[in-house]
>>> print(open('structure_1.txt').read())   # compact mmCIF, C-alpha atoms and all ligand atoms
# COMPACT_ATOMS: atom_id res chain seq x y z
CA MET A 298 3.99 -3.40 -25.55
CA GLY A 299 0.90 -5.03 -27.04
CA SER A 300 -2.70 -4.46 -25.99
CA MET A 301 -3.37 -4.00 -22.29
CA GLN A 302 -5.92 -6.81 -22.46
CA GLU A 303 -3.19 -9.35 -23.27
CA LYS A 304 -1.78 -11.43 -20.44
CA LYS A 305 1.41 -9.95 -19.07
CA ARG A 306 4.70 -11.30 -17.79
CA ILE A 307 5.18 -9.86 -14.33
CA ALA A 308 8.13 -9.59 -11.97
CA VAL A 309 7.46 -8.94 -8.27
CA LEU A 310 10.77 -7.92 -6.75
CA GLY A 311 10.53 -8.42 -2.97
CA ALA A 312 7.65 -10.81 -2.30
CA GLY A 313 7.17 -9.95 1.37
CA ASN A 314 3.83 -8.99 2.94
CA MET A 315 2.88 -6.42 0.32
CA GLY A 316 4.50 -8.17 -2.62
CA ALA A 317 2.65 -11.41 -1.87
CA ALA A 318 -0.68 -9.62 -1.46
CA MET A 319 -0.11 -7.98 -4.83
CA ILE A 320 0.63 -11.35 -6.44
CA GLY A 321 -2.84 -12.34 -5.19
CA GLY A 322 -4.26 -9.19 -6.81
CA ILE A 323 -2.48 -9.77 -10.12
CA LEU A 324 -3.81 -13.33 -10.35
CA LYS A 325 -7.31 -12.31 -9.26
CA ALA A 326 -7.42 -9.50 -11.84
CA GLN A 327 -6.23 -12.07 -14.42
CA VAL A 328 -3.52 -9.74 -15.59
CA ALA A 329 -1.12 -12.70 -15.79
CA GLU A 330 -1.18 -16.48 -15.68
CA PRO A 331 0.51 -17.91 -12.54
CA GLY A 332 3.31 -19.34 -14.72
CA GLU A 333 4.07 -15.82 -16.02
CA VAL A 334 4.61 -14.31 -12.57
CA LEU A 335 8.17 -14.42 -11.28
CA ALA A 336 8.81 -13.26 -7.72
CA THR A 337 12.12 -12.61 -5.98
CA THR A 338 13.01 -12.56 -2.29
CA ARG A 339 16.18 -12.47 -0.24
CA SER A 340 15.80 -15.91 1.38
CA PRO A 341 15.14 -19.23 -0.40
CA GLU A 342 12.64 -20.19 2.35
CA ARG A 343 10.44 -17.22 1.58
CA ALA A 344 10.71 -17.86 -2.17
CA ALA A 345 9.58 -21.48 -1.67
CA GLU A 346 6.66 -20.36 0.49
CA VAL A 347 5.42 -17.82 -2.06
CA ALA A 348 5.85 -20.23 -5.01
CA GLU A 349 3.86 -22.87 -3.18
CA ARG A 350 1.08 -20.52 -2.05
CA TYR A 351 0.39 -18.93 -5.45
CA GLY A 352 1.62 -21.56 -7.89
CA ILE A 353 4.03 -19.03 -9.40
CA ARG A 354 7.78 -19.06 -9.98
CA ALA A 355 9.86 -17.54 -7.18
CA ARG A 356 13.54 -17.46 -6.34
CA ALA A 357 15.96 -15.85 -3.93
CA GLY A 358 17.86 -13.15 -5.83
CA GLY A 359 17.81 -12.92 -9.63
CA ASN A 360 16.19 -9.47 -9.82
CA ARG A 361 17.95 -8.70 -13.12
CA GLU A 362 16.76 -11.84 -14.87
CA ALA A 363 13.23 -11.39 -13.52
CA ALA A 364 13.08 -7.74 -14.66
CA ALA A 365 14.56 -8.55 -18.08
CA GLU A 366 11.85 -11.03 -18.98
CA SER A 367 8.83 -9.00 -17.75
CA ASP A 368 6.34 -6.48 -19.14
CA LEU A 369 5.52 -5.11 -15.71
CA ILE A 370 7.86 -4.84 -12.74
CA LEU A 371 6.46 -4.37 -9.27
CA LEU A 372 9.01 -3.12 -6.77
CA ALA A 373 7.93 -4.29 -3.32
CA VAL A 374 11.22 -4.15 -1.42
CA LYS A 375 11.73 -1.82 1.55
CA PRO A 376 12.57 1.81 0.67
CA GLY A 377 16.15 1.38 1.94
CA VAL A 378 16.77 -1.45 -0.57
CA LEU A 379 14.95 0.18 -3.51
CA GLY A 380 17.96 2.12 -4.82
CA THR A 381 20.19 -0.96 -4.82
CA VAL A 382 17.58 -3.04 -6.62
CA LEU A 383 17.04 -0.30 -9.24
CA GLU A 384 20.79 -0.07 -9.85
CA GLU A 385 20.87 -3.84 -10.21
CA ILE A 386 18.12 -3.94 -12.86
CA ARG A 387 18.55 -0.58 -14.64
CA ASP A 388 20.41 -1.78 -17.73
CA VAL A 389 17.95 -4.56 -18.54
CA LEU A 390 14.97 -2.15 -18.43
CA HIS A 391 13.41 -0.73 -21.59
CA GLU A 392 10.76 1.80 -22.58
CA GLY A 393 8.09 -0.83 -23.26
CA GLN A 394 7.92 -1.96 -19.64
CA ILE A 395 5.91 -0.55 -16.74
CA LEU A 396 7.46 0.05 -13.33
CA ILE A 397 5.32 0.18 -10.19
CA SER A 398 6.93 1.04 -6.86
CA LEU A 399 5.23 0.42 -3.55
CA ALA A 400 8.09 1.87 -1.55
CA ALA A 401 6.94 4.47 0.95
CA VAL A 402 8.69 7.85 0.74
CA ALA A 403 10.46 7.08 -2.57
CA PRO A 404 9.52 9.84 -5.07
CA ILE A 405 8.92 9.05 -8.75
CA ARG A 406 11.74 11.42 -9.73
CA LEU A 407 14.18 9.33 -7.68
CA ILE A 408 13.07 6.19 -9.50
CA GLU A 409 13.31 7.97 -12.87
CA ARG A 410 16.80 9.18 -12.01
CA LEU A 411 17.94 5.70 -11.02
CA VAL A 412 16.51 3.95 -14.09
CA ALA A 413 17.81 6.74 -16.36
CA ARG A 414 15.28 6.15 -19.12
CA ARG A 415 11.83 7.38 -20.11
CA MET A 416 9.40 4.68 -19.11
CA PRO A 417 6.02 4.61 -17.35
CA VAL A 418 6.59 4.79 -13.59
CA PHE A 419 3.82 4.43 -11.01
CA ARG A 420 4.09 5.05 -7.30
CA ALA A 421 1.42 3.28 -5.26
CA MET A 422 0.69 3.48 -1.56
CA PRO A 423 -1.45 0.51 -0.55
CA ASN A 424 -2.19 -0.51 3.02
CA ILE A 425 -2.05 -3.83 4.81
CA PRO A 426 -5.73 -4.86 4.42
CA VAL A 427 -4.84 -5.61 0.77
CA ILE A 428 -4.05 -9.08 2.13
CA ILE A 429 -7.81 -9.61 2.60
CA GLU A 430 -8.72 -7.57 -0.50
CA GLU A 431 -9.94 -4.63 1.62
CA GLY A 432 -7.03 -2.31 0.94
CA ALA A 433 -7.01 1.43 0.28
CA THR A 434 -4.47 2.36 -2.38
CA ALA A 435 -3.51 5.76 -3.74
CA ILE A 436 -1.59 5.87 -7.01
CA SER A 437 0.34 8.52 -8.91
CA ALA A 438 2.12 8.24 -12.23
CA ASN A 439 4.79 10.03 -14.24
CA SER A 440 4.03 11.85 -17.49
CA VAL A 441 5.06 8.87 -19.66
CA ALA A 442 2.18 6.74 -18.35
CA THR A 443 -0.76 6.57 -20.76
CA PRO A 444 -4.45 6.13 -19.87
CA GLU A 445 -4.00 2.49 -20.97
CA HIS A 446 -1.15 1.99 -18.51
CA ARG A 447 -3.24 3.61 -15.77
CA ALA A 448 -6.18 1.32 -16.50
CA LEU A 449 -3.96 -1.74 -16.19
CA VAL A 450 -2.40 -0.60 -12.92
CA GLU A 451 -5.80 0.35 -11.52
CA ARG A 452 -7.14 -3.10 -12.40
CA ILE A 453 -4.40 -4.76 -10.34
CA PHE A 454 -4.98 -2.65 -7.23
CA ARG A 455 -8.78 -2.76 -7.60
CA ALA A 456 -8.53 -6.54 -7.18
CA VAL A 457 -7.31 -5.95 -3.61
CA GLY A 458 -9.48 -3.00 -2.53
CA VAL A 459 -10.32 0.62 -3.24
CA VAL A 460 -8.15 2.79 -5.51
CA CYS A 461 -7.75 6.53 -6.02
CA PHE A 462 -5.37 8.45 -8.26
CA VAL A 463 -3.68 11.45 -6.62
CA ASP A 464 -1.00 14.01 -7.50
CA GLU A 465 2.31 12.85 -6.19
CA ASP A 466 2.44 15.88 -3.85
CA ALA A 467 -0.31 14.19 -1.85
CA MET A 468 1.60 10.95 -1.32
CA ASP A 469 3.14 11.84 2.04
CA ALA A 470 -0.28 12.72 3.44
CA VAL A 471 -1.68 9.49 1.94
CA THR A 472 1.10 7.52 3.63
CA ALA A 473 0.24 9.18 6.95
CA LEU A 474 -3.52 8.65 6.59
CA SER A 475 -4.18 5.30 4.92
CA GLY A 476 -0.70 3.74 4.62
CA SER A 477 -0.10 3.90 8.37
CA GLY A 478 -3.78 4.26 9.29
CA PRO A 479 -4.48 0.58 10.05
CA ALA A 480 -2.02 0.87 12.97
CA TYR A 481 -4.06 3.71 14.49
CA VAL A 482 -7.30 1.77 14.09
CA TYR A 483 -5.72 -1.32 15.68
CA MET A 484 -4.92 0.85 18.70
CA VAL A 485 -8.55 1.96 18.88
CA ILE A 486 -9.78 -1.64 18.68
CA GLU A 487 -7.23 -2.74 21.26
CA ALA A 488 -8.29 0.04 23.64
CA LEU A 489 -12.00 -0.72 23.22
CA ILE A 490 -11.27 -4.36 24.07
CA ALA A 491 -9.34 -3.20 27.14
CA GLY A 492 -12.27 -1.00 28.16
CA GLY A 493 -14.61 -3.99 27.91
CA LEU A 494 -12.21 -6.12 29.94
CA LYS A 495 -11.93 -3.42 32.60
CA MET A 496 -15.69 -3.45 32.92
CA GLY A 497 -15.71 -7.24 33.30
CA LEU A 498 -16.49 -8.54 29.78
CA SER A 499 -14.74 -11.76 28.74
CA HIS A 500 -11.85 -11.56 26.26
CA GLU A 501 -13.95 -13.27 23.63
CA VAL A 502 -17.00 -11.07 23.98
CA ALA A 503 -14.96 -7.83 24.23
CA THR A 504 -12.94 -8.72 21.12
CA ARG A 505 -15.90 -9.73 18.98
CA LEU A 506 -17.91 -6.66 19.93
CA ALA A 507 -15.00 -4.22 19.48
CA GLU A 508 -13.93 -5.52 16.05
CA GLN A 509 -17.46 -5.62 14.70
CA THR A 510 -18.22 -2.15 16.09
CA VAL A 511 -15.32 -0.64 14.12
CA LEU A 512 -16.12 -2.66 10.99
CA GLY A 513 -19.85 -1.90 11.13
CA ALA A 514 -19.34 1.81 11.85
CA ALA A 515 -16.90 2.13 8.93
CA ARG A 516 -19.23 0.30 6.55
CA LEU A 517 -22.13 2.52 7.58
CA VAL A 518 -20.08 5.66 6.82
CA LYS A 519 -19.08 4.22 3.46
CA GLU A 520 -22.43 2.78 2.40
CA SER A 521 -24.69 5.60 3.62
CA GLY A 522 -22.43 8.41 2.38
CA ILE A 523 -23.50 10.33 5.51
CA HIS A 524 -20.85 12.46 7.24
CA PRO A 525 -19.57 10.72 10.40
CA ALA A 526 -20.42 13.76 12.55
CA ILE A 527 -24.10 13.35 11.60
CA LEU A 528 -24.01 9.60 12.24
CA ARG A 529 -22.43 10.28 15.63
CA ASP A 530 -25.13 12.79 16.46
CA GLN A 531 -27.79 10.24 15.57
CA VAL A 532 -26.63 7.82 18.29
CA ILE A 533 -26.65 10.44 21.04
CA THR A 534 -29.61 10.48 23.44
CA PRO A 535 -29.85 13.68 25.48
CA GLY A 536 -28.52 12.99 28.97
CA GLY A 537 -27.63 9.45 27.87
CA VAL A 538 -24.71 7.06 28.02
CA THR A 539 -23.06 7.87 24.66
CA ILE A 540 -22.77 11.61 25.31
CA SER A 541 -21.06 10.95 28.64
CA ALA A 542 -18.40 8.90 26.79
CA ILE A 543 -18.09 11.51 24.04
CA HIS A 544 -17.48 14.19 26.65
CA GLU A 545 -14.62 12.08 27.99
CA LEU A 546 -13.14 11.57 24.48
CA GLU A 547 -13.38 15.31 23.76
CA ARG A 548 -11.74 16.14 27.12
CA HIS A 549 -8.77 13.97 26.16
CA GLY A 550 -8.67 15.40 22.64
CA LEU A 551 -9.30 12.25 20.59
CA ARG A 552 -9.96 14.12 17.36
CA ALA A 553 -7.13 16.62 17.82
CA MET A 554 -4.83 13.70 18.60
CA LEU A 555 -5.66 11.91 15.34
CA ILE A 556 -5.37 15.12 13.30
CA SER A 557 -1.93 15.74 14.85
CA ALA A 558 -0.91 12.13 14.26
CA VAL A 559 -1.61 12.47 10.52
CA GLU A 560 0.17 15.84 10.43
CA THR A 561 3.25 14.53 12.26
CA ALA A 562 3.41 11.38 10.14
CA THR A 563 3.11 13.46 6.93
CA ASN A 564 6.02 15.66 8.02
CA HIS A 565 8.03 12.60 8.96
CA ALA A 566 7.36 11.02 5.54
CA ARG A 567 8.46 14.30 3.85
CA ALA A 568 11.70 14.33 5.82
CA ARG A 569 12.38 10.65 5.02
CA SER A 570 11.70 11.33 1.36
CA ARG A 571 14.19 14.22 1.32
CA ALA A 572 16.78 12.05 3.07
CA LEU A 573 16.32 9.29 0.48
CA MET A 574 16.78 11.79 -2.37
CA GLU A 575 19.93 13.09 -0.66
CA GLN A 576 21.28 9.55 -0.18
CA TRP A 577 21.03 8.81 -3.92
CA LYS A 578 22.15 12.25 -5.11
CA GLY A 579 24.57 12.04 -8.01
CA SER A 580 23.99 8.31 -8.51
CA ASP A 581 22.82 8.67 -12.11
N1 LIG A 601 3.46 -3.10 5.03
C1 LIG A 601 2.72 -2.04 4.77
O1 LIG A 601 1.73 -1.74 5.46
C2 LIG A 601 3.05 -1.16 3.59
C3 LIG A 601 2.12 -0.18 3.19
C4 LIG A 601 2.42 0.57 2.06
C5 LIG A 601 3.61 0.40 1.38
N2 LIG A 601 4.49 -0.53 1.83
C6 LIG A 601 5.76 -0.66 1.11
O2 LIG A 601 5.86 -1.97 0.59
C7 LIG A 601 7.22 -2.35 0.55
C8 LIG A 601 7.36 -3.73 1.17
O3 LIG A 601 6.93 -3.69 2.52
P1 LIG A 601 6.57 -5.04 3.29
O4 LIG A 601 5.86 -4.62 4.51
O5 LIG A 601 5.93 -6.01 2.36
O6 LIG A 601 8.05 -5.54 3.67
P2 LIG A 601 8.56 -7.06 3.85
O7 LIG A 601 7.46 -7.95 4.27
O8 LIG A 601 9.80 -6.95 4.68
O9 LIG A 601 8.97 -7.47 2.35
C9 LIG A 601 10.16 -7.10 1.75
C10 LIG A 601 10.59 -8.29 0.89
O10 LIG A 601 11.74 -7.90 0.16
C11 LIG A 601 12.60 -9.04 0.07
N3 LIG A 601 13.94 -8.55 -0.25
C12 LIG A 601 14.84 -7.90 0.54
N4 LIG A 601 15.95 -7.59 -0.17
C13 LIG A 601 15.72 -8.03 -1.44
C14 LIG A 601 16.47 -7.97 -2.64
N5 LIG A 601 17.68 -7.39 -2.70
N6 LIG A 601 15.94 -8.53 -3.75
C15 LIG A 601 14.72 -9.11 -3.74
N7 LIG A 601 13.95 -9.18 -2.63
C16 LIG A 601 14.45 -8.64 -1.50
C17 LIG A 601 12.48 -9.70 1.41
O11 LIG A 601 12.87 -11.05 1.28
P3 LIG A 601 12.92 -12.07 2.55
O12 LIG A 601 11.49 -12.27 2.95
O13 LIG A 601 13.53 -13.29 1.99
O14 LIG A 601 13.74 -11.35 3.59
C18 LIG A 601 10.97 -9.53 1.69
O15 LIG A 601 10.26 -10.64 1.19
C19 LIG A 601 8.02 -1.27 1.30
O16 LIG A 601 8.70 -0.46 0.37
C20 LIG A 601 6.98 -0.47 2.01
O17 LIG A 601 7.31 0.90 2.11
C21 LIG A 601 4.23 -1.32 2.90
>>> encode(input="structure_1.txt", output="structure tokens", more="lines below")
Ligand SMILES: NC(=O)c1ccc[n+]([C@@H]2O[C@H](COP(=O)([O-])OP(=O)(O)OC[C@H]3O[C@@H](n4cnc5c(N)ncnc54)[C@H](OP(=O)(O)O)[C@@H]3O)[C@@H](O)[C@H]2O)c1
Amino acid sequence: MGSMQEKKRIAVLGAGNMGAAMIGGILKAQVAEPGEVLATTRSPERAAEVAERYGIRARAGGNREAAAESDLILLAVKPGVLGTVLEEIRDVLHEGQILISLAAVAPIRLIERLVARRMPVFRAMPNIPVIIEEGATAISANSVATPEHRALVERIFRAVGVVCFVDEDAMDAVTALSGSGPAYVYMVIEALIAGGLKMGLSHEVATRLAEQTVLGAARLVKESGIHPAILRDQVITPGGVTISAIHELERHGLRAMLISAVETATNHARARSRALMEQWKGSD
């Protein structure tokens, strides 16, 4: 492959929610011209929608052709379909291409086994706010990936949020924390809205205040760099309103609940990962 600064030809296999958001990132990072991005889907309707929205080429099926003509292949199908898609494209792949998989619970060694050649493979775990360029993505790579490859992949994900590189061992915990994390936060926002409604606030007021409270609190943690426990302490007045609510949250184990949720989800991801490896055992 030529210099990493050159424009690339990119295949996005499975342009669903994540795949489409990543097409946005690829175009924003100017890694490829729209005409050099080829996306695939299962249904022609979805392909037409994605082609229209991003001004790229998209078609239902045709993973092999898309992979064959690309420098970088982004696998954004569901984990259950990943193996089939890799089997479909494996003999058109070559060492000069880069593979990036977004599939949760699919280990790099499974992808390497299915492609049966030494090529740079990245496993990325983004989360859904990538669609508004506020994602949190953790990335790991195999030993073939060079610093140049890493820089290119980082550039793509940086266009849609924050990026960190981790050892692959950490990926199940990442999936449990930030991959699934937006769902936990949505529950918190939903419950705060319900609390406001119970106390007589209108839907509109409760929603606007709850969403901005979570957004503002998160930004303050991020921008101040102050530990959240200290920030929490700063809003407590002795004998005041906030401490009475905190007592209630502690009584119901809010923090222990979230810690356990991440632990349980990590273990679940590990088990799913093992099952996926088992399913594709002996397929090379
Ligand atoms: N959503 C998240 O929060 C999240 C977070 C981290 C990682 N991920 C990972 O991202 C991947 C995609 O998730 P998603 O939420 O974007 O799912 P999704 O919206 O269901 O997208 C999957 C896409 O794959 C297409 N597809 C299915 N079979 C195909 C095939 N054989 N060839 C080509 N395209 C095919 C589907 O086409 P149609 O639309 O035509 O059916 C759909 O557009 C998953 O592996 C998931 O683990 C997701």
>>> atom_distance(input="structure_1.txt", atom1="CA of Met574 in chain A", atom2="CA of Arg361 in chain A")
23.2 Å
>>> residues_near_ligand(input="structure_1.txt", ligand="ligand LIG 601 (chain A)", cutoff="7 Å", atoms="all atoms listed in the file", output="VMD selection string")
chain A and resid 310 to 316 337 to 344 357 to 358 360 373 to 376 378 382 399 to 401 422 to 425 476 to 477
>>> closest_residue(input="structure_1.txt", among="A:Ile429, A:Ala473, A:Val389, A:Val402", to="Ala318 in chain A", atoms="only C-alpha atoms")
A:Ile429
>>> axis_aligned_box(input="structure_1.txt", around="range 538-550 of chain A", padding_each_side="8 Å", output="AutoDock Vina command-line options")
--center_x -16.7 --center_y 11.6 --center_z 25.6 --size_x 32.0 --size_y 25.1 --size_z 22.0
>>> closest_residue(input="structure_1.txt", among="A:Met468, A:Ile370, A:Val502, A:Ala558", to="Ile323 in chain A", atoms="only C-alpha atoms")
A:Ile370
>>> atom_distance(input="structure_1.txt", atom1="CA of Gly579 in chain A", atom2="CA of Asp469 in chain A")
23.7 Å
>>> atom_distance(input="structure_1.txt", atom1="CA of Ala448 in chain A", atom2="CA of Thr381 in chain A")
28.9 Å
>>> decode(input="structure_1.txt", residues="range 486-497 of chain A", atoms="all heavy atoms", output="mmCIF file, in the first residue's frame")
data_model
loop_
_atom_site.group_PDB
_atom_site.id
_atom_site.type_symbol
_atom_site.label_atom_id
_atom_site.label_comp_id
_atom_site.auth_asym_id
_atom_site.auth_seq_id
_atom_site.Cartn_x
_atom_site.Cartn_y
_atom_site.Cartn_z
ATOM 1 N N ILE A 486 -31.312 8.745 32.491
ATOM 2 C CA ILE A 486 -32.026 9.941 32.009
ATOM 3 C C ILE A 486 -33.544 9.702 32.083
ATOM 4 O O ILE A 486 -34.301 10.557 32.561
ATOM 5 C CB ILE A 486 -31.595 10.293 30.563
ATOM 6 C CG1 ILE A 486 -30.099 10.638 30.529
ATOM 7 C CG2 ILE A 486 -32.415 11.474 30.022
ATOM 8 C CD1 ILE A 486 -29.525 10.844 29.132
ATOM 9 N N GLU A 487 -33.930 8.518 31.624
ATOM 10 C CA GLU A 487 -35.360 8.169 31.630
ATOM 11 C C GLU A 487 -35.924 8.235 33.054
ATOM 12 O O GLU A 487 -37.013 8.790 33.285
ATOM 13 C CB GLU A 487 -35.496 6.742 31.068
ATOM 14 C CG GLU A 487 -36.895 6.211 30.994
ATOM 15 C CD GLU A 487 -36.909 4.688 30.770
ATOM 16 O OE1 GLU A 487 -35.844 4.063 30.597
ATOM 17 O OE2 GLU A 487 -38.015 4.147 30.792
ATOM 18 N N ALA A 488 -35.154 7.711 34.025
ATOM 19 C CA ALA A 488 -35.641 7.682 35.401
ATOM 20 C C ALA A 488 -35.678 9.083 36.011
ATOM 21 O O ALA A 488 -36.589 9.402 36.788
ATOM 22 C CB ALA A 488 -34.756 6.753 36.233
ATOM 23 N N LEU A 489 -34.706 9.926 35.648
ATOM 24 C CA LEU A 489 -34.735 11.303 36.156
ATOM 25 C C LEU A 489 -35.960 12.038 35.617
ATOM 26 O O LEU A 489 -36.618 12.792 36.340
ATOM 27 C CB LEU A 489 -33.449 12.054 35.763
ATOM 28 C CG LEU A 489 -32.178 11.637 36.506
ATOM 29 C CD1 LEU A 489 -30.971 12.338 35.904
ATOM 30 C CD2 LEU A 489 -32.291 11.944 37.998
ATOM 31 N N ILE A 490 -36.260 11.792 34.327
ATOM 32 C CA ILE A 490 -37.463 12.407 33.745
ATOM 33 C C ILE A 490 -38.699 11.929 34.517
ATOM 34 O O ILE A 490 -39.560 12.740 34.907
ATOM 35 C CB ILE A 490 -37.600 12.056 32.241
ATOM 36 C CG1 ILE A 490 -36.462 12.686 31.445
ATOM 37 C CG2 ILE A 490 -38.960 12.482 31.689
ATOM 38 C CD1 ILE A 490 -36.355 12.218 29.992
ATOM 39 N N ALA A 491 -38.743 10.628 34.785
ATOM 40 C CA ALA A 491 -39.897 10.074 35.506
ATOM 41 C C ALA A 491 -40.013 10.688 36.902
ATOM 42 O O ALA A 491 -41.126 10.981 37.370
ATOM 43 C CB ALA A 491 -39.781 8.552 35.579
ATOM 44 N N GLY A 492 -38.863 10.899 37.544
ATOM 45 C CA GLY A 492 -38.870 11.539 38.868
ATOM 46 C C GLY A 492 -39.463 12.938 38.789
ATOM 47 O O GLY A 492 -40.287 13.333 39.623
ATOM 48 N N GLY A 493 -39.044 13.683 37.760
ATOM 49 C CA GLY A 493 -39.583 15.039 37.566
ATOM 50 C C GLY A 493 -41.082 15.000 37.319
ATOM 51 O O GLY A 493 -41.847 15.795 37.899
ATOM 52 N N LEU A 494 -41.512 14.053 36.505
ATOM 53 C CA LEU A 494 -42.950 13.921 36.205
ATOM 54 C C LEU A 494 -43.728 13.593 37.482
ATOM 55 O O LEU A 494 -44.790 14.150 37.740
ATOM 56 C CB LEU A 494 -43.190 12.803 35.167
ATOM 57 C CG LEU A 494 -42.712 13.073 33.744
ATOM 58 C CD1 LEU A 494 -42.877 11.827 32.875
ATOM 59 C CD2 LEU A 494 -43.474 14.252 33.129
ATOM 60 N N LYS A 495 -43.148 12.687 38.276
ATOM 61 C CA LYS A 495 -43.836 12.290 39.516
ATOM 62 C C LYS A 495 -44.039 13.501 40.425
ATOM 63 O O LYS A 495 -45.051 13.628 41.117
ATOM 64 C CB LYS A 495 -43.029 11.207 40.236
ATOM 65 C CG LYS A 495 -43.737 10.716 41.489
ATOM 66 C CD LYS A 495 -43.281 9.375 41.963
ATOM 67 C CE LYS A 495 -44.267 8.894 43.025
ATOM 68 N NZ LYS A 495 -43.614 8.358 44.192
ATOM 69 N N MET A 496 -43.065 14.397 40.373
ATOM 70 C CA MET A 496 -43.155 15.586 41.234
ATOM 71 C C MET A 496 -43.856 16.748 40.536
ATOM 72 O O MET A 496 -43.791 17.882 40.981
ATOM 73 C CB MET A 496 -41.747 15.989 41.696
ATOM 74 C CG MET A 496 -41.118 14.974 42.621
ATOM 75 S SD MET A 496 -42.071 14.779 44.160
ATOM 76 C CE MET A 496 -42.771 13.159 43.972
ATOM 77 N N GLY A 497 -44.485 16.455 39.387
ATOM 78 C CA GLY A 497 -45.381 17.435 38.760
ATOM 79 C C GLY A 497 -44.787 18.315 37.666
ATOM 80 O O GLY A 497 -45.452 19.215 37.161
#
